[in-house]
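> So that we are looking at the same thing, I have put the structure below in structure tokens.
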Amino acid sequence: MADIRLGILGFGFMGHEHMNLLSKIPEITVSAICDNVPSQMDDAPKGITKYTDMDDLINDPAVNTVLIVVPNPLHKEAAIKAAKAGKNIICEKPAALSVADYDEMVAAAKEAGVRFTVHQQRRHDHDYVPMKKVFRDGLVGKTYLIRSMMYGVNGNMHDWHIYPEMGGGMLYDWGIHLIDQVLDMVPEKVTSVYADIKKVINKDVDDYFLLVFRFESGLTAEIELGTYFLTPRREWMVLGDKGTAIFDVDFVNGMKETKKIVRTRHLLENVPGKITMTSAGPTRSFGPPEEGLLYEEPLPEVKSSEFDWFRGYIDAIENGTEFEITVEQVRRDLCIMDAFRESAKTGKAVEFES
Ligand SMILES: NC(=O)c1ccc[n+]([C@@H]2O[C@H](COP(=O)([O-])OP(=O)(O)OC[C@H]3O[C@@H](n4cnc5c(N)ncnc54)[C@H](O)[C@@H]3O)[C@@H](O)[C@H]2O)c1
């Protein structure tokens, strides 16, 4: 059995989430926690060791793995200290605020011979997993477009996320997850990227982005996120030449989910167009479909759970195998994020890995 004795560094929102989840995973023991604001730990489980200085948590012999859940700019310092203390490292996303910082963290872990991975658990999201299967198994034929959309209504960001120097903004917060999902879904070289990144409501940090990936095969993927879309929803679309797959979660109507593959009974191939009158005038391409033309199939059922990321972690530790989230993948995520930022600055597409 794996000997995983965690020290949770940072007991704010996500530190608490980790504690709750890990209390249901018997293979992992939480040996200690740390927060430099002691009141953050008032509701910690009775008897757990509490520290207010990260050095004390990192050097506690009862801790063999440090779970870094402090705000983004502290990840590097914490990871390097943990590596030097010979502790395995699980780092929250975004692992680092620059590729150079990330490389230093990984080098420190390598030099110390400790294991390092990043908690990019959204590869197990229940809206993502079936859509990955749709794409990978060719369930809509040859895919030409993948769209991943996330729209919220709150506009302003919370707490330290409003400060650029804290690694605030939505690209660091959600962007890293959404980018990682697309790169995990599509096992291809990215040839170029384009981004539009805006500050719609927030003064100093991004709260809207459109990210476009162009892959080697000609496939396009788009991510759009906005914190000020008054039509809040999470939606995935995978569009191919044999169907359109959709997973939509409507945040207004009780998180109602629409999940389906829509197909057509026959494609119109070079036949005389039928003219339909719409409110915008006559059209031969965009009128309503004839009765019975379209039909629906369910999305494939694929099991996923909030425990999957840690289950994978335990397996990798027990068997000495590679983590699901490898250091190379995280580096690629961060590099492509830089390329998106560069594109947004210039307004031009940026060549990536050609
Ligand atoms: N993977 C995910 O889905 C996910 C979700 C949310 C947050 N996160 C990540 O988790 C990290 C923390 O985010 P959060 O939302 O929990 O932030 P938070 O502000 O709620 O919690 C951070 C905690 O760290 C403490 N802290 C700050 N400096 C410290 C120091 N020097 N030593 C010890 N403790 C210190 C703060 O007092 C606070 O309690 C971020 O990197 C964030 O991106 C990941």
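Identifiers for the structure tokens are assigned positionally: chains receive A, B, ... in sequence, residues are indexed from 1 per chain, and ligands are indexed from 1 in the order shown.
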Select from chain A every residue with an atom at most 6 Å from any atom of ligand 1, then for each give the shortest pair of atoms and their distance in Å to one decimal, using only C-alpha atoms and all ligand atoms, rows by chain and rising number, as a Markdown table.

```
| residue | atom | partner | partner_atom_place_in_ligand_line | distance |
| --- | --- | --- | --- | --- |
| A:Leu9 | CA | ligand 1 | 33 (C) | 5.9 |
| A:Gly10 | CA | ligand 1 | 24 (O) | 3.7 |
| A:Phe11 | CA | ligand 1 | 39 (O) | 4.6 |
| A:Gly12 | CA | ligand 1 | 21 (O) | 3.3 |
| A:Phe13 | CA | ligand 1 | 20 (O) | 3.8 |
| A:Met14 | CA | ligand 1 | 16 (O) | 3.6 |
| A:Gly15 | CA | ligand 1 | 16 (O) | 5.6 |
| A:Cys34 | CA | ligand 1 | 33 (C) | 5.5 |
| A:Asp35 | CA | ligand 1 | 34 (N) | 3.5 |
| A:Asn36 | CA | ligand 1 | 33 (C) | 4.2 |
| A:Val37 | CA | ligand 1 | 37 (O) | 4.9 |
| A:Gln40 | CA | ligand 1 | 39 (O) | 5.6 |
| A:Asp53 | CA | ligand 1 | 32 (N) | 5.8 |
| A:Met54 | CA | ligand 1 | 32 (N) | 5.2 |
| A:Val69 | CA | ligand 1 | 11 (C) | 4.2 |
| A:Val70 | CA | ligand 1 | 24 (O) | 3.9 |
| A:Pro71 | CA | ligand 1 | 40 (C) | 4.5 |
| A:Asn72 | CA | ligand 1 | 41 (O) | 4.3 |
| A:Glu92 | CA | ligand 1 | 9 (C) | 5.0 |
| A:Lys93 | CA | ligand 1 | 43 (O) | 5.1 |
| A:Pro94 | CA | ligand 1 | 43 (O) | 5.7 |
| A:His119 | CA | ligand 1 | 1 (N) | 5.6 |
| A:Gln120 | CA | ligand 1 | 1 (N) | 5.6 |
| A:Asp173 | CA | ligand 1 | 43 (O) | 5.5 |
```
> Those selected residues, please, written with N, CA and C atoms and delivered as a short mmCIF file (atom, residue, chain, number, x, y, z; two decimals), in the first residue's frame.

```
data_model
loop_
_atom_site.label_atom_id
_atom_site.label_comp_id
_atom_site.auth_asym_id
_atom_site.auth_seq_id
_atom_site.Cartn_x
_atom_site.Cartn_y
_atom_site.Cartn_z
N LEU A 9 -0.55 22.65 2.40
CA LEU A 9 0.02 23.99 2.60
C LEU A 9 -0.94 25.02 2.00
N GLY A 10 -1.66 25.74 2.88
CA GLY A 10 -2.67 26.70 2.45
C GLY A 10 -4.04 26.10 2.75
N PHE A 11 -4.72 26.69 3.75
CA PHE A 11 -5.99 26.08 4.16
C PHE A 11 -7.14 27.07 3.91
N GLY A 12 -7.19 27.55 2.66
CA GLY A 12 -8.29 28.41 2.24
C GLY A 12 -9.34 27.58 1.54
N PHE A 13 -9.92 28.15 0.48
CA PHE A 13 -10.99 27.46 -0.23
C PHE A 13 -10.58 26.06 -0.69
N MET A 14 -9.49 26.01 -1.45
CA MET A 14 -9.14 24.73 -2.07
C MET A 14 -8.50 23.79 -1.04
N GLY A 15 -7.80 24.35 -0.05
CA GLY A 15 -7.26 23.51 1.02
C GLY A 15 -8.38 22.76 1.72
N CYS A 34 -1.21 23.77 7.10
CA CYS A 34 -0.51 25.03 7.41
C CYS A 34 -1.24 26.18 6.75
N ASP A 35 -1.42 27.24 7.50
CA ASP A 35 -1.91 28.49 6.92
C ASP A 35 -1.33 29.63 7.75
N ASN A 36 -0.88 30.68 7.10
CA ASN A 36 -0.28 31.77 7.87
C ASN A 36 -1.34 32.67 8.53
N VAL A 37 -2.60 32.40 8.24
CA VAL A 37 -3.70 33.05 8.98
C VAL A 37 -4.33 31.95 9.84
N GLN A 40 -7.91 30.49 9.70
CA GLN A 40 -8.32 29.67 8.56
C GLN A 40 -8.41 28.19 8.94
N ASP A 53 3.79 28.42 9.67
CA ASP A 53 4.98 28.72 8.85
C ASP A 53 5.20 27.55 7.91
N MET A 54 5.31 27.83 6.62
CA MET A 54 5.41 26.71 5.65
C MET A 54 6.64 25.84 5.88
N VAL A 69 -1.23 24.52 -1.85
CA VAL A 69 -2.54 25.12 -2.14
C VAL A 69 -2.57 26.59 -1.71
N VAL A 70 -1.41 27.21 -1.73
CA VAL A 70 -1.32 28.64 -1.42
C VAL A 70 -1.55 29.43 -2.71
N PRO A 71 -1.74 30.74 -2.64
CA PRO A 71 -1.92 31.52 -3.87
C PRO A 71 -0.76 31.34 -4.85
N ASN A 72 -1.05 31.57 -6.11
CA ASN A 72 -0.14 31.21 -7.21
C ASN A 72 1.32 31.65 -7.07
N GLU A 92 -0.85 22.82 -6.82
CA GLU A 92 -2.09 23.30 -7.45
C GLU A 92 -1.76 24.03 -8.76
N LYS A 93 -2.75 24.10 -9.58
CA LYS A 93 -2.61 24.84 -10.84
C LYS A 93 -2.85 26.33 -10.58
N PRO A 94 -2.39 27.26 -11.38
CA PRO A 94 -1.35 27.06 -12.36
C PRO A 94 -0.04 26.79 -11.62
N HIS A 119 -2.08 19.37 -9.78
CA HIS A 119 -3.49 18.99 -9.61
C HIS A 119 -4.33 19.67 -10.69
N GLN A 120 -4.26 19.11 -11.89
CA GLN A 120 -5.11 19.58 -13.00
C GLN A 120 -6.18 18.49 -13.18
N ASP A 173 -6.61 31.22 -13.89
CA ASP A 173 -7.50 30.51 -12.98
C ASP A 173 -8.19 29.33 -13.69
#
```
> Give the alpha helix (DSSP H) residues of segment 79-227 of chain A, as DSSP finds them on the backbone, and put them as a PyMOL selection string.
chain A and resi 79-84+99-112+129-136+170+176-185
> Residues at most 12 Å from Val205 of chain A, counting only C-alpha atoms, excluding those fewer than 4 positions away in the same chain, as a list in words?
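In the requested format, the answer is Gly155, Asn156, Met157, His158, Trp160, His161, Ile162, Tyr163, Pro164, Glu165, Met166, Gly167, Gly168, Gly169, Met170, Leu171, Tyr172, Asp173, Ile197, Lys198, Lys199, Val200, Ile201, Phe209 and Thr227 of chain A.
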> Export, as an mmCIF file, in the first residue's frame, the selected residues with N, CA, C and O atoms.

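The result, stored in selection_21.cif:
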```cif
data_model
loop_
_atom_site.group_PDB
_atom_site.id
_atom_site.type_symbol
_atom_site.label_atom_id
_atom_site.label_comp_id
_atom_site.auth_asym_id
_atom_site.auth_seq_id
_atom_site.Cartn_x
_atom_site.Cartn_y
_atom_site.Cartn_z
ATOM 1 N N GLY A 155 -18.937 38.753 -13.190
ATOM 2 C CA GLY A 155 -18.100 39.872 -13.631
ATOM 3 C C GLY A 155 -16.829 40.003 -12.824
ATOM 4 O O GLY A 155 -15.762 39.589 -13.254
ATOM 5 N N ASN A 156 -16.955 40.564 -11.637
ATOM 6 C CA ASN A 156 -15.767 40.787 -10.824
ATOM 7 C C ASN A 156 -15.208 39.500 -10.277
ATOM 8 O O ASN A 156 -15.938 38.583 -9.916
ATOM 9 N N MET A 157 -13.898 39.483 -10.175
ATOM 10 C CA MET A 157 -13.255 38.307 -9.584
ATOM 11 C C MET A 157 -13.059 38.504 -8.102
ATOM 12 O O MET A 157 -13.106 39.622 -7.614
ATOM 13 N N HIS A 158 -12.825 37.395 -7.413
ATOM 14 C CA HIS A 158 -12.804 37.459 -5.951
ATOM 15 C C HIS A 158 -11.377 37.445 -5.407
ATOM 16 O O HIS A 158 -10.439 36.991 -6.053
ATOM 17 N N TRP A 160 -7.722 37.453 -4.080
ATOM 18 C CA TRP A 160 -6.444 37.833 -4.700
ATOM 19 C C TRP A 160 -6.461 37.694 -6.224
ATOM 20 O O TRP A 160 -5.536 38.142 -6.898
ATOM 21 N N HIS A 161 -7.523 37.109 -6.761
ATOM 22 C CA HIS A 161 -7.591 36.936 -8.226
ATOM 23 C C HIS A 161 -7.712 38.254 -8.981
ATOM 24 O O HIS A 161 -7.626 38.272 -10.203
ATOM 25 N N ILE A 162 -7.934 39.374 -8.259
ATOM 26 C CA ILE A 162 -8.031 40.668 -8.966
ATOM 27 C C ILE A 162 -6.664 41.328 -9.148
ATOM 28 O O ILE A 162 -6.572 42.364 -9.790
ATOM 29 N N TYR A 163 -5.609 40.717 -8.573
ATOM 30 C CA TYR A 163 -4.290 41.356 -8.656
ATOM 31 C C TYR A 163 -3.389 40.634 -9.659
ATOM 32 O O TYR A 163 -3.123 39.433 -9.498
ATOM 33 N N PRO A 164 -2.859 41.371 -10.647
ATOM 34 C CA PRO A 164 -1.978 40.720 -11.630
ATOM 35 C C PRO A 164 -0.751 40.090 -10.971
ATOM 36 O O PRO A 164 -0.328 39.004 -11.351
ATOM 37 N N GLU A 165 -0.186 40.766 -9.971
ATOM 38 C CA GLU A 165 1.045 40.254 -9.348
ATOM 39 C C GLU A 165 0.799 38.970 -8.543
ATOM 40 O O GLU A 165 1.740 38.265 -8.182
ATOM 41 N N MET A 166 -0.480 38.661 -8.287
ATOM 42 C CA MET A 166 -0.806 37.412 -7.587
ATOM 43 C C MET A 166 -1.109 36.287 -8.587
ATOM 44 O O MET A 166 -1.520 35.192 -8.197
ATOM 45 N N GLY A 167 -0.938 36.589 -9.860
ATOM 46 C CA GLY A 167 -1.315 35.583 -10.859
ATOM 47 C C GLY A 167 -2.829 35.529 -10.981
ATOM 48 O O GLY A 167 -3.419 34.467 -11.139
ATOM 49 N N GLY A 168 -3.447 36.728 -10.866
ATOM 50 C CA GLY A 168 -4.911 36.802 -10.965
ATOM 51 C C GLY A 168 -5.372 36.712 -12.408
ATOM 52 O O GLY A 168 -4.574 36.586 -13.346
ATOM 53 N N GLY A 169 -6.686 36.812 -12.571
ATOM 54 C CA GLY A 169 -7.264 36.763 -13.921
ATOM 55 C C GLY A 169 -7.710 35.350 -14.261
ATOM 56 O O GLY A 169 -7.262 34.368 -13.680
ATOM 57 N N MET A 170 -8.597 35.319 -15.226
ATOM 58 C CA MET A 170 -9.255 34.044 -15.571
ATOM 59 C C MET A 170 -8.373 33.099 -16.384
ATOM 60 O O MET A 170 -8.585 31.895 -16.364
ATOM 61 N N LEU A 171 -7.389 33.661 -17.114
ATOM 62 C CA LEU A 171 -6.553 32.759 -17.913
ATOM 63 C C LEU A 171 -5.751 31.849 -16.982
ATOM 64 O O LEU A 171 -5.675 30.634 -17.198
ATOM 65 N N TYR A 172 -5.177 32.406 -15.927
ATOM 66 C CA TYR A 172 -4.455 31.579 -14.961
ATOM 67 C C TYR A 172 -5.416 30.688 -14.156
ATOM 68 O O TYR A 172 -5.066 29.588 -13.769
ATOM 69 N N ASP A 173 -6.612 31.224 -13.894
ATOM 70 C CA ASP A 173 -7.501 30.505 -12.975
ATOM 71 C C ASP A 173 -8.189 29.334 -13.687
ATOM 72 O O ASP A 173 -7.970 28.172 -13.350
ATOM 73 N N ILE A 197 -7.978 38.455 -25.575
ATOM 74 C CA ILE A 197 -8.086 38.430 -24.108
ATOM 75 C C ILE A 197 -8.476 39.839 -23.663
ATOM 76 O O ILE A 197 -7.821 40.815 -24.038
ATOM 77 N N LYS A 198 -9.550 39.922 -22.874
ATOM 78 C CA LYS A 198 -10.058 41.259 -22.526
ATOM 79 C C LYS A 198 -10.234 41.425 -21.015
ATOM 80 O O LYS A 198 -10.374 40.438 -20.280
ATOM 81 N N LYS A 199 -10.275 42.706 -20.619
ATOM 82 C CA LYS A 199 -10.689 43.075 -19.258
ATOM 83 C C LYS A 199 -12.033 43.772 -19.420
ATOM 84 O O LYS A 199 -12.064 44.957 -19.745
ATOM 85 N N VAL A 200 -13.113 43.065 -19.230
ATOM 86 C CA VAL A 200 -14.430 43.635 -19.511
ATOM 87 C C VAL A 200 -14.925 44.436 -18.309
ATOM 88 O O VAL A 200 -15.306 45.601 -18.432
ATOM 89 N N ILE A 201 -14.901 43.813 -17.150
ATOM 90 C CA ILE A 201 -15.403 44.448 -15.924
ATOM 91 C C ILE A 201 -14.233 44.796 -15.007
ATOM 92 O O ILE A 201 -14.255 45.772 -14.292
ATOM 93 N N PHE A 209 -11.816 35.565 -22.423
ATOM 94 C CA PHE A 209 -10.856 35.182 -23.467
ATOM 95 C C PHE A 209 -11.486 34.249 -24.485
ATOM 96 O O PHE A 209 -12.395 33.479 -24.171
ATOM 97 N N THR A 227 -16.684 36.108 -17.774
ATOM 98 C CA THR A 227 -17.298 36.184 -16.438
ATOM 99 C C THR A 227 -18.503 37.120 -16.479
ATOM 100 O O THR A 227 -19.165 37.311 -15.476
#
```
> Which polymer residues have any atom within 6 Å of an atom of Thr276 of chain A, counting only C-alpha atoms, with same-chain residues fewer than 2 positions away left out, as a PyMOL selection string?
chain A and resi 282-283+287
> Could you tell me which of A:Ala85, A:Gly47, A:Lys259, A:Gln329 comes closest to Asp60 of chain A if we count only C-alpha atoms?
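Of all the options, A:Ala85 lies closest to Asp60 of chain A.
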> Considering only C-alpha atoms, give me a table of residues in segment 6-31 of chain A that are at most 12 Å from segment 301-311 of chain A, with the closest atom pair and distance in Å for each, as CSV.

```
residue,atom,partner,partner_atom,distance
A:Glu17,CA,A:Glu306,CA,10.9
A:His18,CA,A:Phe310,CA,10.1
A:Asn20,CA,A:Phe307,CA,11.2
A:Leu21,CA,A:Phe307,CA,7.5
A:Leu22,CA,A:Phe310,CA,8.5
A:Ser23,CA,A:Phe307,CA,11.1
A:Lys24,CA,A:Phe307,CA,8.8
A:Ile25,CA,A:Phe307,CA,8.0
A:Pro26,CA,A:Arg311,CA,10.8
A:Glu27,CA,A:Arg311,CA,9.1
A:Ile28,CA,A:Phe310,CA,9.0
```
> Enter the distance from atom CA of Ala79 of chain A to atom CA of Ile179 of chain A, in Å, rounded to one decimal.
22.9 Å
> Of the residues A:Glu322, A:Glu296, A:Asp196, A:Asp206, which is the one nearest to Ala339 of chain A, using only C-alpha atoms?
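Nearest candidate to Ala339 of chain A out of A:Glu322, A:Glu296, A:Asp196, A:Asp206: A:Asp196.
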> Just the strand (DSSP E) stuff from segment 195-275 of chain A, please, per backbone DSSP, written as a PyMOL selection string.
chain A and resi 195-198+208-215+220-226+233-240+243-250+256-264
> Write a file of the just-selected residues containing C-alpha atoms, as an mmCIF file, in the first residue's frame.

```cif
data_model
loop_
_atom_site.group_PDB
_atom_site.id
_atom_site.type_symbol
_atom_site.label_atom_id
_atom_site.label_comp_id
_atom_site.auth_asym_id
_atom_site.auth_seq_id
_atom_site.Cartn_x
_atom_site.Cartn_y
_atom_site.Cartn_z
ATOM 1 C CA ALA A 195 -6.257 34.757 -28.738
ATOM 2 C CA ASP A 196 -8.446 37.663 -27.817
ATOM 3 C CA ILE A 197 -8.086 38.430 -24.108
ATOM 4 C CA LYS A 198 -10.058 41.259 -22.526
ATOM 5 C CA TYR A 208 -12.799 37.232 -20.968
ATOM 6 C CA PHE A 209 -10.856 35.182 -23.467
ATOM 7 C CA LEU A 210 -11.277 33.501 -26.794
ATOM 8 C CA LEU A 211 -8.499 31.026 -27.549
ATOM 9 C CA VAL A 212 -8.183 29.371 -30.944
ATOM 10 C CA PHE A 213 -5.942 26.362 -31.547
ATOM 11 C CA ARG A 214 -5.074 25.217 -35.041
ATOM 12 C CA PHE A 215 -3.875 21.589 -35.101
ATOM 13 C CA THR A 220 -9.659 23.825 -34.971
ATOM 14 C CA ALA A 221 -10.475 24.051 -31.270
ATOM 15 C CA GLU A 222 -11.881 27.119 -29.586
ATOM 16 C CA ILE A 223 -12.216 27.990 -25.936
ATOM 17 C CA GLU A 224 -14.341 30.922 -24.904
ATOM 18 C CA LEU A 225 -14.738 32.040 -21.312
ATOM 19 C CA GLY A 226 -16.423 35.131 -19.971
ATOM 20 C CA ARG A 233 -23.636 28.056 -19.044
ATOM 21 C CA ARG A 234 -20.933 25.461 -19.580
ATOM 22 C CA GLU A 235 -21.019 23.966 -23.040
ATOM 23 C CA TRP A 236 -18.961 21.586 -25.133
ATOM 24 C CA MET A 237 -19.483 20.961 -28.839
ATOM 25 C CA VAL A 238 -17.677 18.474 -31.040
ATOM 26 C CA LEU A 239 -18.625 18.928 -34.691
ATOM 27 C CA GLY A 240 -17.799 16.324 -37.300
ATOM 28 C CA GLY A 243 -22.830 14.511 -36.451
ATOM 29 C CA THR A 244 -22.781 17.264 -33.860
ATOM 30 C CA ALA A 245 -22.199 16.325 -30.216
ATOM 31 C CA ILE A 246 -23.193 18.679 -27.441
ATOM 32 C CA PHE A 247 -22.917 18.724 -23.657
ATOM 33 C CA ASP A 248 -24.594 21.812 -22.286
ATOM 34 C CA VAL A 249 -25.146 22.747 -18.650
ATOM 35 C CA ASP A 250 -27.584 25.629 -18.233
ATOM 36 C CA LYS A 256 -30.179 21.425 -16.640
ATOM 37 C CA GLU A 257 -27.977 19.231 -18.815
ATOM 38 C CA THR A 258 -28.491 18.684 -22.546
ATOM 39 C CA LYS A 259 -26.302 15.829 -23.790
ATOM 40 C CA LYS A 260 -26.694 14.345 -27.226
ATOM 41 C CA ILE A 261 -25.304 13.573 -30.624
ATOM 42 C CA VAL A 262 -27.462 14.999 -33.408
ATOM 43 C CA ARG A 263 -27.272 13.313 -36.811
ATOM 44 C CA THR A 264 -28.939 13.801 -40.155
#
```
> Choose the residue, out of A:Glu216, A:Glu318, A:Asp127, A:Asp333, that has the smallest atom-to-atom separation from Ala95 of chain A; count only C-alpha atoms.
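Among the listed residues, the smallest separation from Ala95 of chain A belongs to A:Asp333.
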> Let me make sure I understand: among A:Lys84, A:Ile336, A:Ile90, A:Gly113, which one has the smallest atom-to-atom distance to Phe352 of chain A if we use only C-alpha atoms?
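Of A:Lys84, A:Ile336, A:Ile90, A:Gly113, the one nearest Phe352 of chain A, counting only C-alpha atoms, is A:Ile336.
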> As a ChimeraX atom specification, please: the residues near Phe116 of chain A (cut-off 12 Å, only C-alpha atoms, same-chain neighbours under 6 positions excluded).
/A:65-68,79-80,82-83,86-92,95,102-103,105-110,313,316-317,322-328,330
> Please compute the atom CA of Glu297 of chain A-atom CA of Val252 of chain A distance, one decimal, in Å.
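If I compute the distance from atom CA of Glu297 of chain A to atom CA of Val252 of chain A, I get 24.8 Å.
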> Measure the distance from atom CA of Asn59 of chain A to atom CA of Lys81 of chain A in Å and round it to one decimal.
9.1 Å
